[in-house]
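Asks: So I've got this file, entry_38.cif, and it contains mmCIF, C-alpha atoms; chains and numbers go by the auth columns:
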```cif
data_work
#
loop_
_atom_site.group_PDB
_atom_site.id
_atom_site.type_symbol
_atom_site.label_atom_id
_atom_site.label_comp_id
_atom_site.label_asym_id
_atom_site.label_seq_id
_atom_site.Cartn_x
_atom_site.Cartn_y
_atom_site.Cartn_z
_atom_site.B_iso_or_equiv
_atom_site.auth_seq_id
_atom_site.auth_asym_id
ATOM 1 C CA MET A 1 6.730 -8.009 -25.164 0.00 1 Z
ATOM 2 C CA ILE A 2 7.455 -11.637 -24.335 0.00 2 Z
ATOM 3 C CA GLN A 3 10.370 -10.664 -22.103 0.00 3 Z
ATOM 4 C CA LEU A 4 8.156 -8.180 -20.300 0.00 4 Z
ATOM 5 C CA PHE A 5 5.549 -10.895 -19.704 0.00 5 Z
ATOM 6 C CA LEU A 6 8.175 -13.366 -18.540 0.00 6 Z
ATOM 7 C CA ARG A 7 9.614 -10.795 -16.174 0.00 7 Z
ATOM 8 C CA HIS A 8 6.337 -9.443 -14.752 0.00 8 Z
ATOM 9 C CA GLY A 9 3.889 -12.249 -15.501 0.00 9 Z
ATOM 10 C CA HIS A 10 3.786 -13.310 -11.868 0.00 10 Z
ATOM 11 C CA TRP A 11 1.742 -10.189 -11.073 0.00 11 Z
ATOM 12 C CA LEU A 12 -0.915 -11.235 -13.569 0.00 12 Z
ATOM 13 C CA PHE A 13 -0.854 -14.802 -12.289 0.00 13 Z
ATOM 14 C CA SER A 14 -1.221 -13.548 -8.701 0.00 14 Z
ATOM 15 C CA LEU A 15 -4.225 -11.436 -9.642 0.00 15 Z
ATOM 16 C CA LEU A 16 -5.835 -14.392 -11.429 0.00 16 Z
ATOM 17 C CA VAL A 17 -5.246 -16.637 -8.421 0.00 17 Z
ATOM 18 C CA MET A 18 -6.773 -14.032 -6.132 0.00 18 Z
ATOM 19 C CA ALA A 19 -9.768 -13.541 -8.458 0.00 19 Z
ATOM 20 C CA ALA A 20 -10.390 -17.293 -8.550 0.00 20 Z
ATOM 21 C CA LEU A 21 -10.070 -17.585 -4.792 0.00 21 Z
ATOM 22 C CA VAL A 22 -13.460 -16.141 -3.828 0.00 22 Z
ATOM 23 C CA PRO A 23 -15.510 -18.394 -6.142 0.00 23 Z
ATOM 24 C CA ALA A 24 -13.430 -21.409 -5.076 0.00 24 Z
ATOM 25 C CA VAL A 25 -13.979 -20.709 -1.366 0.00 25 Z
ATOM 26 C CA ASN A 26 -17.702 -20.154 -1.917 0.00 26 Z
ATOM 27 C CA GLY A 27 -17.901 -23.303 -4.052 0.00 27 Z
ATOM 28 C CA VAL A 28 -16.713 -25.527 -1.207 0.00 28 Z
ATOM 29 C CA HIS A 29 -18.771 -23.600 1.398 0.00 29 Z
ATOM 30 C CA LEU A 30 -15.855 -22.335 3.455 0.00 30 Z
ATOM 31 C CA PRO A 31 -16.025 -19.029 5.286 0.00 31 Z
ATOM 32 C CA LEU A 32 -13.962 -16.341 3.605 0.00 32 Z
ATOM 33 C CA ARG A 33 -11.786 -15.271 6.512 0.00 33 Z
ATOM 34 C CA TRP A 34 -8.129 -15.539 7.361 0.00 34 Z
ATOM 35 C CA ASP A 35 -6.389 -15.645 10.697 0.00 35 Z
ATOM 36 C CA LEU A 36 -3.873 -13.070 9.562 0.00 36 Z
ATOM 37 C CA THR A 37 -2.558 -12.446 13.074 0.00 37 Z
ATOM 38 C CA ASP A 38 -1.336 -16.010 13.523 0.00 38 Z
ATOM 39 C CA GLN A 39 -0.137 -16.230 9.938 0.00 39 Z
ATOM 40 C CA PHE A 40 1.765 -12.954 10.265 0.00 40 Z
ATOM 41 C CA ALA A 41 3.297 -14.113 13.559 0.00 41 Z
ATOM 42 C CA ALA A 42 4.436 -17.330 11.870 0.00 42 Z
ATOM 43 C CA PHE A 43 5.797 -15.314 8.947 0.00 43 Z
ATOM 44 C CA VAL A 44 7.750 -13.020 11.298 0.00 44 Z
ATOM 45 C CA MET A 45 9.151 -16.017 13.200 0.00 45 Z
ATOM 46 C CA LEU A 46 10.186 -17.540 9.885 0.00 46 Z
ATOM 47 C CA GLY A 47 11.941 -14.264 9.118 0.00 47 Z
ATOM 48 C CA PHE A 48 13.802 -14.343 12.431 0.00 48 Z
ATOM 49 C CA LYS A 49 14.817 -17.953 11.878 0.00 49 Z
ATOM 50 C CA SER A 50 16.021 -17.078 8.384 0.00 50 Z
ATOM 51 C CA ALA A 51 17.993 -14.131 9.735 0.00 51 Z
ATOM 52 C CA SER A 52 19.634 -16.298 12.390 0.00 52 Z
ATOM 53 C CA LEU A 53 20.470 -18.954 9.817 0.00 53 Z
ATOM 54 C CA ALA A 54 21.939 -16.249 7.592 0.00 54 Z
ATOM 55 C CA ALA A 55 24.021 -15.034 10.546 0.00 55 Z
ATOM 56 C CA VAL A 56 25.334 -18.548 11.185 0.00 56 Z
ATOM 57 C CA LEU A 57 26.134 -19.079 7.504 0.00 57 Z
ATOM 58 C CA TYR A 58 27.864 -15.696 7.417 0.00 58 Z
ATOM 59 C CA ALA A 59 29.924 -16.718 10.467 0.00 59 Z
ATOM 60 C CA ILE A 60 30.889 -19.956 8.727 0.00 60 Z
ATOM 61 C CA GLN A 61 31.856 -18.156 5.518 0.00 61 Z
ATOM 62 C CA PHE A 62 33.724 -15.250 7.175 0.00 62 Z
ATOM 63 C CA PRO A 63 34.907 -16.499 10.587 0.00 63 Z
ATOM 64 C CA ARG A 64 37.726 -13.968 10.877 0.00 64 Z
ATOM 65 C CA THR A 65 35.395 -11.000 10.360 0.00 65 Z
ATOM 66 C CA VAL A 66 32.864 -12.319 12.868 0.00 66 Z
ATOM 67 C CA ILE A 67 35.511 -13.063 15.488 0.00 67 Z
ATOM 68 C CA LEU A 68 37.005 -9.593 15.058 0.00 68 Z
ATOM 69 C CA GLN A 69 33.561 -7.960 15.378 0.00 69 Z
ATOM 70 C CA PHE A 70 32.801 -10.060 18.452 0.00 70 Z
ATOM 71 C CA TYR A 71 36.172 -9.169 19.943 0.00 71 Z
ATOM 72 C CA GLU A 72 35.650 -5.458 19.331 0.00 72 Z
ATOM 73 C CA LYS A 73 32.094 -5.381 20.664 0.00 73 Z
ATOM 74 C CA TYR A 74 32.118 -7.893 23.509 0.00 74 Z
ATOM 75 C CA TRP A 75 35.600 -8.883 24.622 0.00 75 Z
ATOM 76 C CA GLN A 76 36.725 -5.304 25.107 0.00 76 Z
ATOM 77 C CA ASP A 77 33.407 -4.352 26.768 0.00 77 Z
ATOM 78 C CA ARG A 78 33.540 -6.617 29.841 0.00 78 Z
ATOM 79 C CA PRO A 79 30.128 -5.711 31.346 0.00 79 Z
ATOM 80 C CA ARG A 80 28.390 -6.605 28.078 0.00 80 Z
ATOM 81 C CA LEU A 81 30.276 -9.923 27.928 0.00 81 Z
ATOM 82 C CA ILE A 82 29.477 -10.763 31.561 0.00 82 Z
ATOM 83 C CA ILE A 83 25.764 -10.025 31.088 0.00 83 Z
ATOM 84 C CA THR A 84 25.681 -12.208 27.965 0.00 84 Z
ATOM 85 C CA LEU A 85 27.432 -15.089 29.748 0.00 85 Z
ATOM 86 C CA LEU A 86 25.159 -14.800 32.807 0.00 86 Z
ATOM 87 C CA PHE A 87 22.125 -14.819 30.523 0.00 87 Z
ATOM 88 C CA ALA A 88 23.431 -17.935 28.757 0.00 88 Z
ATOM 89 C CA ALA A 89 24.202 -19.666 32.078 0.00 89 Z
ATOM 90 C CA ALA A 90 20.698 -18.939 33.365 0.00 90 Z
ATOM 91 C CA LEU A 91 19.101 -20.087 30.128 0.00 91 Z
ATOM 92 C CA ILE A 92 20.870 -23.481 29.875 0.00 92 Z
ATOM 93 C CA PRO A 93 18.972 -25.244 32.720 0.00 93 Z
ATOM 94 C CA ILE A 94 15.657 -23.837 31.506 0.00 94 Z
ATOM 95 C CA VAL A 95 15.696 -24.642 27.785 0.00 95 Z
ATOM 96 C CA GLY A 96 18.812 -26.767 27.235 0.00 96 Z
ATOM 97 C CA ILE A 97 22.130 -26.167 25.540 0.00 97 Z
ATOM 98 C CA THR A 98 20.902 -26.324 21.939 0.00 98 Z
ATOM 99 C CA LEU A 99 18.176 -23.715 22.293 0.00 99 Z
ATOM 100 C CA THR A 100 20.473 -21.566 24.443 0.00 100 Z
ATOM 101 C CA VAL A 101 23.186 -21.477 21.777 0.00 101 Z
ATOM 102 C CA SER A 102 20.562 -20.729 19.133 0.00 102 Z
ATOM 103 C CA SER A 103 19.059 -17.948 21.262 0.00 103 Z
ATOM 104 C CA ILE A 104 22.439 -16.380 21.971 0.00 104 Z
ATOM 105 C CA ILE A 105 23.359 -16.456 18.273 0.00 105 Z
ATOM 106 C CA ASN A 106 19.987 -14.878 17.430 0.00 106 Z
ATOM 107 C CA ALA A 107 20.427 -12.193 20.070 0.00 107 Z
ATOM 108 C CA LEU A 108 23.972 -11.390 18.952 0.00 108 Z
ATOM 109 C CA ALA A 109 22.866 -11.253 15.316 0.00 109 Z
ATOM 110 C CA LEU A 110 20.012 -8.906 16.226 0.00 110 Z
ATOM 111 C CA PHE A 111 22.341 -6.698 18.280 0.00 111 Z
ATOM 112 C CA MET A 112 24.805 -6.512 15.394 0.00 112 Z
ATOM 113 C CA LEU A 113 21.908 -5.746 13.032 0.00 113 Z
ATOM 114 C CA TRP A 114 20.696 -3.017 15.390 0.00 114 Z
ATOM 115 C CA GLU A 115 24.140 -1.453 15.502 0.00 115 Z
ATOM 116 C CA ASN A 116 24.381 -1.579 11.705 0.00 116 Z
ATOM 117 C CA CYS A 117 20.946 0.063 11.389 0.00 117 Z
ATOM 118 C CA ARG A 118 22.473 3.327 12.529 0.00 118 Z
ATOM 119 C CA ASP A 119 23.806 3.635 8.996 0.00 119 Z
ATOM 120 C CA ILE A 120 21.028 5.164 6.870 0.00 120 Z
ATOM 121 C CA ARG A 121 22.024 3.177 3.752 0.00 121 Z
ATOM 122 C CA PHE A 122 21.546 -0.102 5.597 0.00 122 Z
ATOM 123 C CA PHE A 123 18.142 1.043 6.865 0.00 123 Z
ATOM 124 C CA LYS A 124 17.092 1.948 3.310 0.00 124 Z
ATOM 125 C CA GLN A 125 18.084 -1.531 2.144 0.00 125 Z
ATOM 126 C CA ILE A 126 15.964 -3.120 4.861 0.00 126 Z
ATOM 127 C CA VAL A 127 12.991 -0.921 3.940 0.00 127 Z
ATOM 128 C CA GLY A 128 13.606 -1.779 0.275 0.00 128 Z
ATOM 129 C CA ILE A 129 12.814 -5.459 0.833 0.00 129 Z
ATOM 130 C CA LEU A 130 9.444 -4.766 2.488 0.00 130 Z
ATOM 131 C CA PRO A 131 7.450 -4.891 -0.797 0.00 131 Z
ATOM 132 C CA ALA A 132 8.985 -8.277 -1.612 0.00 132 Z
ATOM 133 C CA ALA A 133 8.275 -9.531 1.914 0.00 133 Z
ATOM 134 C CA THR A 134 4.669 -8.337 1.642 0.00 134 Z
ATOM 135 C CA TYR A 135 4.289 -10.100 -1.706 0.00 135 Z
ATOM 136 C CA LEU A 136 5.726 -13.290 -0.199 0.00 136 Z
ATOM 137 C CA PHE A 137 3.286 -13.062 2.729 0.00 137 Z
ATOM 138 C CA TYR A 138 0.413 -12.618 0.266 0.00 138 Z
ATOM 139 C CA GLY A 139 1.605 -15.718 -1.617 0.00 139 Z
ATOM 140 C CA LEU A 140 1.769 -17.783 1.559 0.00 140 Z
ATOM 141 C CA VAL A 141 -1.757 -16.728 2.555 0.00 141 Z
ATOM 142 C CA MET A 142 -2.989 -17.780 -0.892 0.00 142 Z
ATOM 143 C CA VAL A 143 -1.222 -21.158 -0.605 0.00 143 Z
ATOM 144 C CA PHE A 144 -2.702 -21.789 2.847 0.00 144 Z
ATOM 145 C CA THR A 145 -6.162 -20.843 1.590 0.00 145 Z
ATOM 146 C CA TYR A 146 -5.927 -23.131 -1.431 0.00 146 Z
ATOM 147 C CA ASN A 147 -4.693 -25.917 0.850 0.00 147 Z
ATOM 148 C CA SER A 148 -7.903 -25.516 2.873 0.00 148 Z
ATOM 149 C CA ILE A 149 -9.943 -25.688 -0.329 0.00 149 Z
ATOM 150 C CA ILE A 150 -8.132 -28.831 -1.467 0.00 150 Z
ATOM 151 C CA VAL A 151 -8.639 -30.531 1.902 0.00 151 Z
ATOM 152 C CA ARG A 152 -12.322 -29.632 1.792 0.00 152 Z
ATOM 153 C CA VAL A 153 -12.730 -31.129 -1.693 0.00 153 Z
ATOM 154 C CA CYS A 154 -10.583 -34.234 -1.251 0.00 154 Z
ATOM 155 C CA PHE A 155 -10.028 -36.137 2.016 0.00 155 Z
ATOM 156 C CA TYR A 156 -6.359 -35.644 2.819 0.00 156 Z
ATOM 157 C CA GLY A 157 -6.069 -39.033 4.514 0.00 157 Z
ATOM 158 C CA ALA A 158 -7.015 -40.843 1.286 0.00 158 Z
ATOM 159 C CA TYR A 159 -3.344 -41.270 0.459 0.00 159 Z
ATOM 160 C CA ASP A 160 -2.288 -42.433 3.924 0.00 160 Z
ATOM 161 C CA GLU A 161 -1.527 -46.150 4.164 0.00 161 Z
ATOM 162 C CA TYR A 162 -2.419 -46.194 7.855 0.00 162 Z
ATOM 163 C CA LEU A 163 -5.946 -44.889 7.229 0.00 163 Z
ATOM 164 C CA ASN A 164 -6.488 -47.092 4.152 0.00 164 Z
ATOM 165 C CA PRO A 165 -5.373 -50.663 4.978 0.00 165 Z
#
```
Please re-express this file's structure in structure tokens.

Replies:
Amino acid sequence: MIQLFLRHGHWLFSLLVMAALVPAVNGVHLPLRWDLTDQFAAFVMLGFKSASLAAVLYAIQFPRTVILQFYEKYWQDRPRLIITLLFAAALIPIVGITLTVSSIINALALFMLWENCRDIRFFKQIVGILPAATYLFYGLVMVFTYNSIIVRVCFYGAYDEYLNP
């Protein structure tokens, strides 16, 4: 019983946090609404950044595999390589070298992911993480909401040395 609670207790805690949220929001006279569109957009961007970081870390851990995949997909397919290089050359003066390299790595990682999605097992794995991603999004919305409640109750600049000489 204790192991079951330790393993699945977070569901109970999440329900308690959600149940306490409405009285807490009403107690500090905040409107009970969320800007889920912006929060979801931020969550998706965080996902893309995480995926690109995972691609970079994968390239660092397995450079031979990545170089061989790049060679097979791009070096042997000259039009694809030329389009990628032209895109990078056009992007450098607009956003700079750092963001260009990051964008190219993200694009290549997404293209590789898209090519791997043709395998049905890989697609099932991606779909399998959606409940966990939804639960994480729910947790982030709760954290942001409780942050708003805390700021409403206690002035957040009270601990800033600049505002309190």

Asks: For the structure shown, which residues end up in the PyMOL selection byres ((chain Z and resi 34) around 10)? Put them as a list in words, please?

Replies: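 Here the PyMOL selection byres ((chain Z and resi 34) around 10) matches Pro31, Leu32, Arg33, Asp35, Leu36, Thr37, Asp38, Gln39, Val141, Met142, Phe144 and Thr145 of chain Z.
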
Asks: When you look at Asn106 of chain Z with a cut-off of 10 Å (counting all atoms listed in the file), what residues show up, excluding the ones that are within fewer than 4 positions of it in the same chain? I need them as a ChimeraX atom specification.

Replies: /Z:48-49,51-53,55-56,100-102,110-112

Asks: Filtering to C-alpha atoms, could you give me those residues as an mmCIF file, keeping the file's coordinate frame?

Replies:
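selection.cif, freshly written:
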```
data_model
loop_
_atom_site.group_PDB
_atom_site.id
_atom_site.type_symbol
_atom_site.label_atom_id
_atom_site.label_comp_id
_atom_site.auth_asym_id
_atom_site.auth_seq_id
_atom_site.Cartn_x
_atom_site.Cartn_y
_atom_site.Cartn_z
ATOM 1 C CA PHE Z 48 13.802 -14.343 12.431
ATOM 2 C CA LYS Z 49 14.817 -17.953 11.878
ATOM 3 C CA ALA Z 51 17.993 -14.131 9.735
ATOM 4 C CA SER Z 52 19.634 -16.298 12.390
ATOM 5 C CA LEU Z 53 20.470 -18.954 9.817
ATOM 6 C CA ALA Z 55 24.021 -15.034 10.546
ATOM 7 C CA VAL Z 56 25.334 -18.548 11.185
ATOM 8 C CA THR Z 100 20.473 -21.566 24.443
ATOM 9 C CA VAL Z 101 23.186 -21.477 21.777
ATOM 10 C CA SER Z 102 20.562 -20.729 19.133
ATOM 11 C CA LEU Z 110 20.012 -8.906 16.226
ATOM 12 C CA PHE Z 111 22.341 -6.698 18.280
ATOM 13 C CA MET Z 112 24.805 -6.512 15.394
#
```

Asks: If you measure from atom CA of Ile104 of chain Z to atom CA of Ala88 of chain Z, what distance in Å do you get, rounded to one decimal?

Replies: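 Interatomic distance here is 7.0 Å.
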
Asks: State, in Å with one decimal place, the distance from atom CA of Ile82 of chain Z to atom CA of Arg64 of chain Z.

Replies: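 If I compute the distance from atom CA of Ile82 of chain Z to atom CA of Arg64 of chain Z, I get 22.5 Å.
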
Asks: Mind pulling up the distance from atom CA of Leu15 of chain Z to atom CA of Gln3 of chain Z?

Replies: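 Rounded to one decimal, the two atoms are 19.2 Å apart.
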
Asks: Distance cut-off 12 Å, centre (28.2, -17.2, 28.7) in file coordinates, counting all atoms listed in the file: which residues qualify? Return them as a list in words.

Replies: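 Every residue inside that radius is included here: Tyr74, Trp75, Arg78, Pro79, Arg80, Leu81, Ile82, Ile83, Thr84, Leu85, Leu86, Phe87, Ala88, Ala89, Ala90, Leu91, Ile92, Ile97, Thr100, Val101, Ser103, Ile104 and Ile105 of chain Z.
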
Asks: For Ser14 of chain Z, which residue among Z:Ile94, Z:Leu140, Z:Ile150, Z:Met45 is the nearest when counting only C-alpha atoms?

Replies: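 Among Z:Ile94, Z:Leu140, Z:Ile150, Z:Met45, it is Z:Leu140 that comes nearest to Ser14 of chain Z.
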